[in-house]
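Report on the following structure.
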Amino acid sequence: MNRITAHFLASRGASWARSACAALATSVALLALAACGGSDDDVDRGPTTIETQAKLNGLYWDARASRLYLTDDDASVNAIRTWDGDKGFPIAYQLPAMAADQRATLGQLTRGADGNLYTTRFGFGSYGTVVAVQSRDSSFNLMGLDGARRRIGITPTADGKLIDGWFRGGGSGPSGVISELTVGAGGLASERDLITGLSKPAGVAVVGDQLFVSDQGTGQLLAYSLAAVRAQAAQAQDGRVVASFTTADGLDLMTAGPDGTLYFGGSGGTLYAVSPKGAVTTLARGWPGIRGVALDAANRRLFAAVTAAQAGGPASIRIVPID
C-alpha cells in the first residue's frame with residue numbers, strides 16, 4: 001500500500017476502511033499506472049539513475065498509458081521493454097527473429113496514428129528496415145523497404161504519417177536523407193524523399209509545420225517547413241540552422257516538447273535542451289554516451305538512455321527534472 005492510499009484509509013476510520021478494501025483492490029491497476037508516470041504526487045522527477053544490463057537505444061513515453069518503452073539492442077533479446085515504475089525493465093514485445101549473423105541494431109521508437117509501435121533497425125547496409133508492433137503476439141518487418149538504408153530516427157506527423165531518417169555508407173558524405181514513410185495494407189511500405197544531401201541524420205522531430213533534424217555528421221540542428229518539403233524536396237543547405245554543435249557531441253536521437261523545445265544528447269555525454277529559436281541549455285554533462293530520450297510533459301521530466309561507462313558494465317535510464 002502506498003502512502004497516499006494509507007492516508008486515504010486512515011482519514012475514513014478503520015471500519016470504513018475494511019468495507020472499502022474490495023473496492024480499492026480494483027484500483028490497483030490505476031495506481032500502478034500512476035506510479036509509472038501519471039499525476040500521482042509520488043512520481044519520480046529525478047535526478048535519478050536506474051541501472052540495467054539492457055543494451056538501451058530508443059525511448060518512447062506513451063502519454064496515454066503513462067508508460068515508458070525502450071528498445072533493447074542485445075542480439076539475444078531483440079525486444080521492446082517497458083519500465084515498471086521502479087527498477088525493473090520487463091520485456092513488453094518480442095521483435096521478429098534475426099539471422100545468426102545479424103545484430104539487433106534498433107533505433108528510435110514511436111507510436112503511429114494506427115496505434116502500432118514502430119522502431120527502426122539500422123542493419124549495417126544490408127538488413128535495415130522498420131519494425132511494426134501491433135500487439136504482444138504480432139510484430140513484423142515492413143515490406144518493400146531498401147535494406148541498404150541505415151535508419152536511425154523515426155517520428156509521427158500530426159496527419160498520421162511517419163518521418164524517418166537514413167543514410168548510406170559510413171555517414172561522412174552527403175548520403176543522408178529524410179523520407180516520408182507510408183505504411184499500406186499488409187505491412188507494405190514505401191519511402192518518399194523529402195530532404196537530401198544530409199550527412200548522418202540521427203534525430204527527427206515534428207512540431208506543427210516544423211520538421212527538425214539533428215545531423216550527427218555535421219553537428220547541425222536544422223529546421224524545415226514540412227509542407228514545403230512535401231511539396232518539393234529540399235537540400236540539406238535549404239534548412240534553417242537552429243543551433244550548431246561539434247561532431248564530437250555525436251548528436252543522437254531527439255524528442256520534442258509541446259512548446260517546440262527539442263531534447264537530445266549524444267556520444268559526447270552532454271544532454272541538451274534547445275528552444276525553437278535556438279537557445280541552448282545544458283541539462284547534464286560528463287555522462288557516458290546518450291542514445292534515446294523521451295519526455296513526460298505532464299510530469300515535467302525527461303528520460304535519457306545512457307550507455308555503459310565500460311564494456312560489460314550496466315547501462316542506465318536517467319530521469320532529469322524539466323522546470
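In the C-alpha cells, chains take the letters A, B, ... in the order shown, each chain's residues start at 1, and ligands count up from 1 in the order shown.
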Identify, on the basis of only C-alpha atoms, every residue whose closest approach to Gly186 in chain A does not exceed 10 Å; exclude the query and any residue fewer than 3 positions from it along the same chain; express the result as an MDAnalysis selection string.
chainID A and resid 142:143 183 189
Compile the contact shell of Phe264 in chain A as a PyMOL selection string: residues with an atom at most 9 Å away, counting only C-alpha atoms, same-chain residues fewer than 5 positions apart removed.
chain A and resi 203+214+251-256+270-274+290-294+304
Could those selected residues go to a file with C-alpha atoms, as a JSON list (two decimals), in the first residue's frame?
```json
[["chain", "number", "residue", "atom", "x", "y", "z"],
["A", 203, "GLY", "CA", 17.29, 12.58, -34.64],
["A", 214, "SER", "CA", 19.92, 16.59, -35.97],
["A", 251, "LEU", "CA", 24.18, 14.16, -31.77],
["A", 252, "ASP", "CA", 21.75, 11.27, -31.45],
["A", 253, "LEU", "CA", 18.02, 10.57, -31.11],
["A", 254, "MET", "CA", 15.72, 13.50, -30.35],
["A", 255, "THR", "CA", 12.31, 14.29, -28.90],
["A", 256, "ALA", "CA", 10.23, 17.47, -28.79],
["A", 270, "THR", "CA", 26.00, 16.02, -22.78],
["A", 271, "LEU", "CA", 22.22, 16.34, -22.53],
["A", 272, "TYR", "CA", 20.74, 19.42, -24.24],
["A", 273, "ALA", "CA", 17.50, 21.34, -24.48],
["A", 274, "VAL", "CA", 17.16, 23.72, -27.45],
["A", 290, "ILE", "CA", 23.43, 9.23, -24.56],
["A", 291, "ARG", "CA", 21.16, 7.45, -27.05],
["A", 292, "GLY", "CA", 17.40, 7.95, -26.90],
["A", 293, "VAL", "CA", 15.43, 10.49, -24.87],
["A", 294, "ALA", "CA", 11.72, 10.68, -24.01],
["A", 304, "ALA", "CA", 17.63, 9.52, -21.14]]
```
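For Ala279 in chain A, the set of protein, DNA and RNA residues having any atom at most 12 Å away, when counting only C-alpha atoms and skipping those fewer than 6 positions along the same chain, is Leu221, Val241, Val242, Ala243, Ser244, Gly260, Thr261, Leu262, Tyr263, Tyr272 and Ala273 of chain A.
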Take the residues from that selection and write them out as a compact mmCIF listing (two decimals), in the first residue's frame, keeping all heavy atoms.
```
# COMPACT_ATOMS: atom_id res chain seq x y z
N LEU A 221 21.81 21.30 -36.02
CA LEU A 221 20.38 21.08 -35.78
C LEU A 221 19.63 21.96 -36.76
O LEU A 221 19.75 23.18 -36.73
CB LEU A 221 20.03 21.44 -34.33
CG LEU A 221 18.56 21.32 -33.93
CD1 LEU A 221 18.07 19.89 -34.09
CD2 LEU A 221 18.37 21.79 -32.49
N VAL A 241 19.42 26.78 -39.78
CA VAL A 241 20.29 26.27 -38.73
C VAL A 241 19.76 26.78 -37.39
O VAL A 241 19.87 27.96 -37.08
CB VAL A 241 21.75 26.69 -38.94
CG1 VAL A 241 22.62 26.16 -37.79
CG2 VAL A 241 22.27 26.18 -40.29
N VAL A 242 19.20 25.87 -36.61
CA VAL A 242 18.65 26.24 -35.30
C VAL A 242 19.77 26.41 -34.28
O VAL A 242 19.78 27.35 -33.48
CB VAL A 242 17.65 25.18 -34.81
CG1 VAL A 242 17.08 25.54 -33.44
CG2 VAL A 242 16.53 25.00 -35.82
N ALA A 243 20.73 25.49 -34.30
CA ALA A 243 21.88 25.54 -33.39
C ALA A 243 22.99 24.68 -34.00
O ALA A 243 22.72 23.76 -34.78
CB ALA A 243 21.51 25.03 -32.01
N SER A 244 24.22 25.00 -33.62
CA SER A 244 25.37 24.26 -34.11
C SER A 244 26.15 23.66 -32.95
O SER A 244 26.36 24.31 -31.92
CB SER A 244 26.30 25.18 -34.93
OG SER A 244 25.67 25.61 -36.12
N GLY A 260 7.70 23.07 -28.51
CA GLY A 260 8.71 23.07 -29.56
C GLY A 260 10.13 22.93 -29.07
O GLY A 260 11.07 22.87 -29.88
N THR A 261 10.34 22.86 -27.75
CA THR A 261 11.69 22.63 -27.23
C THR A 261 12.16 21.24 -27.63
O THR A 261 11.41 20.27 -27.54
CB THR A 261 11.72 22.77 -25.70
OG1 THR A 261 11.32 24.08 -25.33
CG2 THR A 261 13.13 22.52 -25.15
N LEU A 262 13.40 21.16 -28.07
CA LEU A 262 13.99 19.90 -28.52
C LEU A 262 14.95 19.38 -27.46
O LEU A 262 15.71 20.16 -26.87
CB LEU A 262 14.72 20.10 -29.84
CG LEU A 262 13.86 20.64 -30.98
CD1 LEU A 262 14.74 21.08 -32.15
CD2 LEU A 262 12.84 19.62 -31.44
N TYR A 263 14.92 18.08 -27.24
CA TYR A 263 15.78 17.45 -26.23
C TYR A 263 16.57 16.33 -26.91
O TYR A 263 16.01 15.51 -27.63
CB TYR A 263 14.93 16.86 -25.11
CG TYR A 263 14.07 17.88 -24.38
CD1 TYR A 263 12.75 18.10 -24.78
CD2 TYR A 263 14.57 18.60 -23.30
CE1 TYR A 263 11.96 19.03 -24.12
CE2 TYR A 263 13.79 19.53 -22.63
CZ TYR A 263 12.48 19.74 -23.05
OH TYR A 263 11.69 20.66 -22.40
N TYR A 272 21.10 18.05 -23.87
CA TYR A 272 20.74 19.42 -24.24
C TYR A 272 19.24 19.62 -24.34
O TYR A 272 18.48 18.68 -24.64
CB TYR A 272 21.32 19.76 -25.63
CG TYR A 272 22.82 19.82 -25.70
CD1 TYR A 272 23.54 18.81 -26.36
CD2 TYR A 272 23.53 20.87 -25.14
CE1 TYR A 272 24.92 18.86 -26.47
CE2 TYR A 272 24.92 20.94 -25.24
CZ TYR A 272 25.60 19.93 -25.90
OH TYR A 272 26.97 19.98 -25.99
N ALA A 273 18.83 20.86 -24.12
CA ALA A 273 17.50 21.34 -24.48
C ALA A 273 17.71 22.56 -25.37
O ALA A 273 18.52 23.44 -25.05
CB ALA A 273 16.70 21.73 -23.25
```
Near Tyr224 in chain A, within 12 Å and counting only C-alpha atoms, which residues show up once chain neighbours fewer than 6 positions away are dropped, as a compact mmCIF listing (two decimals) with N, CA and C atoms, in the first residue's frame?
```txt
# COMPACT_ATOMS: atom_id res chain seq x y z
N ILE A 178 16.04 12.41 -45.39
CA ILE A 178 14.82 12.33 -44.59
C ILE A 178 13.68 11.96 -45.53
N LEU A 194 12.20 13.59 -48.80
CA LEU A 194 11.82 14.98 -48.53
C LEU A 194 13.03 15.90 -48.47
N ILE A 195 14.13 15.41 -47.89
CA ILE A 195 15.36 16.21 -47.75
C ILE A 195 16.54 15.32 -48.10
N VAL A 204 15.03 13.00 -35.47
CA VAL A 204 14.00 13.71 -36.21
C VAL A 204 12.84 13.99 -35.26
N ALA A 205 12.22 15.16 -35.44
CA ALA A 205 11.05 15.52 -34.63
C ALA A 205 10.19 16.47 -35.45
N VAL A 206 8.88 16.40 -35.25
CA VAL A 206 7.95 17.29 -35.93
C VAL A 206 7.13 18.03 -34.89
N VAL A 207 7.09 19.36 -35.00
CA VAL A 207 6.27 20.20 -34.14
C VAL A 207 5.50 21.15 -35.05
N GLY A 208 4.20 20.95 -35.17
CA GLY A 208 3.42 21.76 -36.10
C GLY A 208 3.93 21.54 -37.52
N ASP A 209 4.28 22.63 -38.20
CA ASP A 209 4.81 22.52 -39.56
C ASP A 209 6.32 22.42 -39.59
N GLN A 210 6.97 22.43 -38.43
CA GLN A 210 8.42 22.40 -38.39
C GLN A 210 8.95 20.98 -38.28
N LEU A 211 9.80 20.62 -39.23
CA LEU A 211 10.48 19.33 -39.22
C LEU A 211 11.93 19.58 -38.80
N PHE A 212 12.32 19.02 -37.66
CA PHE A 212 13.66 19.22 -37.11
C PHE A 212 14.51 17.98 -37.36
N VAL A 213 15.78 18.21 -37.69
CA VAL A 213 16.72 17.13 -37.96
C VAL A 213 18.03 17.43 -37.26
N SER A 214 18.55 16.46 -36.51
CA SER A 214 19.92 16.59 -35.97
C SER A 214 20.84 15.76 -36.84
N ARG A 230 7.31 18.65 -48.46
CA ARG A 230 6.36 17.72 -49.06
C ARG A 230 5.99 18.14 -50.48
N GLN A 232 7.94 20.06 -52.45
CA GLN A 232 9.14 19.96 -53.29
C GLN A 232 10.32 19.58 -52.39
N ALA A 233 10.98 18.49 -52.74
CA ALA A 233 12.10 18.01 -51.93
C ALA A 233 13.18 19.08 -51.80
N ALA A 234 13.79 19.16 -50.62
CA ALA A 234 14.79 20.17 -50.32
C ALA A 234 16.17 19.54 -50.20
N GLN A 235 17.18 20.40 -50.26
CA GLN A 235 18.55 20.01 -50.00
C GLN A 235 18.89 20.35 -48.54
N ALA A 236 19.92 19.71 -48.02
CA ALA A 236 20.33 19.95 -46.63
C ALA A 236 20.54 21.44 -46.36
N GLN A 237 21.18 22.13 -47.28
CA GLN A 237 21.52 23.55 -47.08
C GLN A 237 20.30 24.47 -47.11
N ASP A 238 19.14 23.94 -47.50
CA ASP A 238 17.93 24.76 -47.51
C ASP A 238 17.34 24.93 -46.11
N GLY A 239 17.81 24.15 -45.17
CA GLY A 239 17.27 24.21 -43.82
C GLY A 239 17.78 25.39 -43.03
N ARG A 240 16.97 25.82 -42.06
CA ARG A 240 17.39 26.87 -41.13
C ARG A 240 18.24 26.23 -40.03
N VAL A 241 19.42 26.78 -39.78
CA VAL A 241 20.29 26.27 -38.73
C VAL A 241 19.76 26.78 -37.39
N VAL A 242 19.20 25.87 -36.61
CA VAL A 242 18.65 26.24 -35.30
C VAL A 242 19.77 26.41 -34.28
N PRO A 276 12.89 26.58 -29.77
CA PRO A 276 12.66 26.73 -31.21
C PRO A 276 13.46 27.88 -31.84
```
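The interatomic distance for the pair CA of Pro47 in chain A and CA of Thr119 in chain A works out to 27.3 Å.
Comparing the minimum interatomic distances between Thr71 in chain A and each of A:Gln102, A:Asn299, A:Thr157, A:Thr110, counting only C-alpha atoms, we find that A:Thr110 sits nearest.
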Per DSSP on the backbone, filter range 133-218 of chain A down to the residues in strand (DSSP E) and report them as a ChimeraX atom specification.
/A:133-135,138-141,150-156,162-167,176-183,189-198,201-207,210-215
Which residues come within 9 Å of range 67-70 of chain A, counting only C-alpha atoms, excluding same-chain residues fewer than 4 positions away, as an NGL selection string?
:A and (33 or 36-38 or 56-63 or 79-85 or 89 or 92 or 108-109 or 292 or 294 or 296 or 303 or 305)
Selected residues, N, CA, C and O atoms, written as an mmCIF file, in the first residue's frame, please.
```cif
data_model
loop_
_atom_site.group_PDB
_atom_site.id
_atom_site.type_symbol
_atom_site.label_atom_id
_atom_site.label_comp_id
_atom_site.auth_asym_id
_atom_site.auth_seq_id
_atom_site.Cartn_x
_atom_site.Cartn_y
_atom_site.Cartn_z
ATOM 1 N N LEU A 33 -0.334 2.472 -12.799
ATOM 2 C CA LEU A 33 -0.076 3.405 -13.885
ATOM 3 C C LEU A 33 0.391 4.743 -13.347
ATOM 4 O O LEU A 33 1.285 5.376 -13.890
ATOM 5 N N CYS A 36 3.916 4.789 -12.621
ATOM 6 C CA CYS A 36 4.754 4.839 -13.817
ATOM 7 C C CYS A 36 4.755 6.213 -14.458
ATOM 8 O O CYS A 36 5.439 6.428 -15.456
ATOM 9 N N GLY A 37 3.989 7.140 -13.964
ATOM 10 C CA GLY A 37 4.117 8.467 -14.541
ATOM 11 C C GLY A 37 2.840 9.212 -14.727
ATOM 12 O O GLY A 37 2.762 10.072 -15.591
ATOM 13 N N GLY A 38 1.785 8.956 -13.975
ATOM 14 C CA GLY A 38 0.576 9.762 -14.072
ATOM 15 C C GLY A 38 0.734 11.042 -13.290
ATOM 16 O O GLY A 38 1.810 11.583 -13.156
ATOM 17 N N LEU A 56 20.477 -0.354 -24.153
ATOM 18 C CA LEU A 56 19.455 0.645 -24.437
ATOM 19 C C LEU A 56 19.738 1.423 -25.711
ATOM 20 O O LEU A 56 20.885 1.662 -26.073
ATOM 21 N N ASN A 57 18.647 1.847 -26.364
ATOM 22 C CA ASN A 57 18.787 2.740 -27.509
ATOM 23 C C ASN A 57 17.602 3.697 -27.545
ATOM 24 O O ASN A 57 17.614 4.727 -26.891
ATOM 25 N N GLY A 58 16.552 3.377 -28.292
ATOM 26 C CA GLY A 58 15.426 4.295 -28.414
ATOM 27 C C GLY A 58 14.495 4.253 -27.219
ATOM 28 O O GLY A 58 14.298 3.206 -26.601
ATOM 29 N N LEU A 59 13.909 5.419 -26.889
ATOM 30 C CA LEU A 59 12.923 5.541 -25.822
ATOM 31 C C LEU A 59 11.645 6.160 -26.371
ATOM 32 O O LEU A 59 11.682 6.967 -27.293
ATOM 33 N N TYR A 60 10.516 5.792 -25.767
ATOM 34 C CA TYR A 60 9.237 6.413 -26.129
ATOM 35 C C TYR A 60 8.360 6.498 -24.891
ATOM 36 O O TYR A 60 8.120 5.485 -24.219
ATOM 37 N N TRP A 61 7.907 7.700 -24.572
ATOM 38 C CA TRP A 61 6.974 7.883 -23.462
ATOM 39 C C TRP A 61 5.561 7.909 -24.029
ATOM 40 O O TRP A 61 5.208 8.770 -24.819
ATOM 41 N N ASP A 62 4.757 6.924 -23.626
ATOM 42 C CA ASP A 62 3.376 6.825 -24.067
ATOM 43 C C ASP A 62 2.509 7.581 -23.067
ATOM 44 O O ASP A 62 2.199 7.073 -21.985
ATOM 45 N N ALA A 63 2.123 8.801 -23.424
ATOM 46 C CA ALA A 63 1.365 9.646 -22.503
ATOM 47 C C ALA A 63 -0.006 9.071 -22.202
ATOM 48 O O ALA A 63 -0.535 9.243 -21.100
ATOM 49 N N ALA A 79 14.207 -6.866 -28.409
ATOM 50 C CA ALA A 79 12.850 -6.673 -27.906
ATOM 51 C C ALA A 79 12.613 -5.230 -27.495
ATOM 52 O O ALA A 79 13.543 -4.415 -27.406
ATOM 53 N N ILE A 80 11.354 -4.912 -27.244
ATOM 54 C CA ILE A 80 10.964 -3.652 -26.636
ATOM 55 C C ILE A 80 10.622 -3.940 -25.181
ATOM 56 O O ILE A 80 9.797 -4.817 -24.885
ATOM 57 N N ARG A 81 11.258 -3.236 -24.291
ATOM 58 C CA ARG A 81 11.000 -3.376 -22.870
ATOM 59 C C ARG A 81 10.114 -2.233 -22.389
ATOM 60 O O ARG A 81 9.916 -1.241 -23.101
ATOM 61 N N THR A 82 9.618 -2.362 -21.175
ATOM 62 C CA THR A 82 8.885 -1.273 -20.547
ATOM 63 C C THR A 82 9.444 -1.068 -19.148
ATOM 64 O O THR A 82 10.025 -1.987 -18.559
ATOM 65 N N TRP A 83 9.280 0.105 -18.623
ATOM 66 C CA TRP A 83 9.734 0.408 -17.264
ATOM 67 C C TRP A 83 8.593 0.145 -16.304
ATOM 68 O O TRP A 83 7.463 0.574 -16.545
ATOM 69 N N ASP A 84 8.865 -0.543 -15.196
ATOM 70 C CA ASP A 84 7.807 -0.891 -14.252
ATOM 71 C C ASP A 84 7.537 0.202 -13.225
ATOM 72 O O ASP A 84 6.740 0.004 -12.299
ATOM 73 N N GLY A 85 8.181 1.359 -13.368
ATOM 74 C CA GLY A 85 7.970 2.454 -12.440
ATOM 75 C C GLY A 85 8.908 2.426 -11.248
ATOM 76 O O GLY A 85 8.920 3.341 -10.427
ATOM 77 N N PHE A 89 12.753 -3.633 -15.869
ATOM 78 C CA PHE A 89 12.507 -3.378 -17.292
ATOM 79 C C PHE A 89 12.081 -4.677 -17.971
ATOM 80 O O PHE A 89 12.826 -5.256 -18.765
ATOM 81 N N ALA A 92 8.203 -6.211 -23.029
ATOM 82 C CA ALA A 92 6.805 -5.958 -23.384
ATOM 83 C C ALA A 92 6.457 -6.595 -24.726
ATOM 84 O O ALA A 92 5.367 -7.150 -24.882
ATOM 85 N N GLN A 108 15.246 4.618 -32.946
ATOM 86 C CA GLN A 108 14.171 5.354 -32.304
ATOM 87 C C GLN A 108 12.895 4.521 -32.252
ATOM 88 O O GLN A 108 12.651 3.657 -33.100
ATOM 89 N N LEU A 109 12.075 4.803 -31.253
ATOM 90 C CA LEU A 109 10.815 4.105 -31.032
ATOM 91 C C LEU A 109 9.703 5.145 -30.959
ATOM 92 O O LEU A 109 9.853 6.188 -30.320
ATOM 93 N N GLY A 292 18.736 7.385 -26.790
ATOM 94 C CA GLY A 292 17.397 7.945 -26.896
ATOM 95 C C GLY A 292 17.005 8.807 -25.705
ATOM 96 O O GLY A 292 17.568 8.691 -24.609
ATOM 97 N N ALA A 294 13.176 10.647 -23.955
ATOM 98 C CA ALA A 294 11.721 10.675 -24.008
ATOM 99 C C ALA A 294 11.218 11.663 -22.970
ATOM 100 O O ALA A 294 11.746 11.723 -21.848
ATOM 101 N N ASP A 296 8.202 13.143 -20.594
ATOM 102 C CA ASP A 296 6.909 13.052 -19.909
ATOM 103 C C ASP A 296 6.518 14.491 -19.577
ATOM 104 O O ASP A 296 6.848 15.018 -18.517
ATOM 105 N N PHE A 303 13.502 11.458 -19.716
ATOM 106 C CA PHE A 303 14.219 10.198 -19.574
ATOM 107 C C PHE A 303 15.343 10.157 -20.611
ATOM 108 O O PHE A 303 15.137 10.547 -21.765
ATOM 109 N N ALA A 305 18.454 7.488 -22.186
ATOM 110 C CA ALA A 305 19.106 6.178 -22.229
ATOM 111 C C ALA A 305 20.608 6.410 -22.289
ATOM 112 O O ALA A 305 21.118 6.954 -23.271
#
```
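What separates CA of Gly107 in chain A from CA of Asp72 in chain A is a distance of 9.4 Å.
Taking CA of Ile317 in chain A and CA of Asp101 in chain A as the two end points, the separation is 28.6 Å.
The environment of Asp146 in chain A within 8 Å, counting only C-alpha atoms and disregarding residues fewer than 2 places along the same chain, consists of Gly128, Thr129, Gly144, Ala148 and Arg149 of chain A.
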Go through A:Tyr118, A:Tyr127, A:Phe167, A:Tyr93 one by one, measure the shortest atom-to-atom distance of each to Arg150 in chain A using only C-alpha atoms, and give the residue with the smallest value.
A:Phe167
Restricting to only C-alpha atoms, whichever of A:Ser275, A:Gly115, A:Ile50, A:Gly123 is closest to Ala99 in chain A is A:Gly123
Members of range 211-322 of chain A assigned alpha helix (DSSP H) by DSSP, as a PyMOL selection string
chain A and resi 226-231
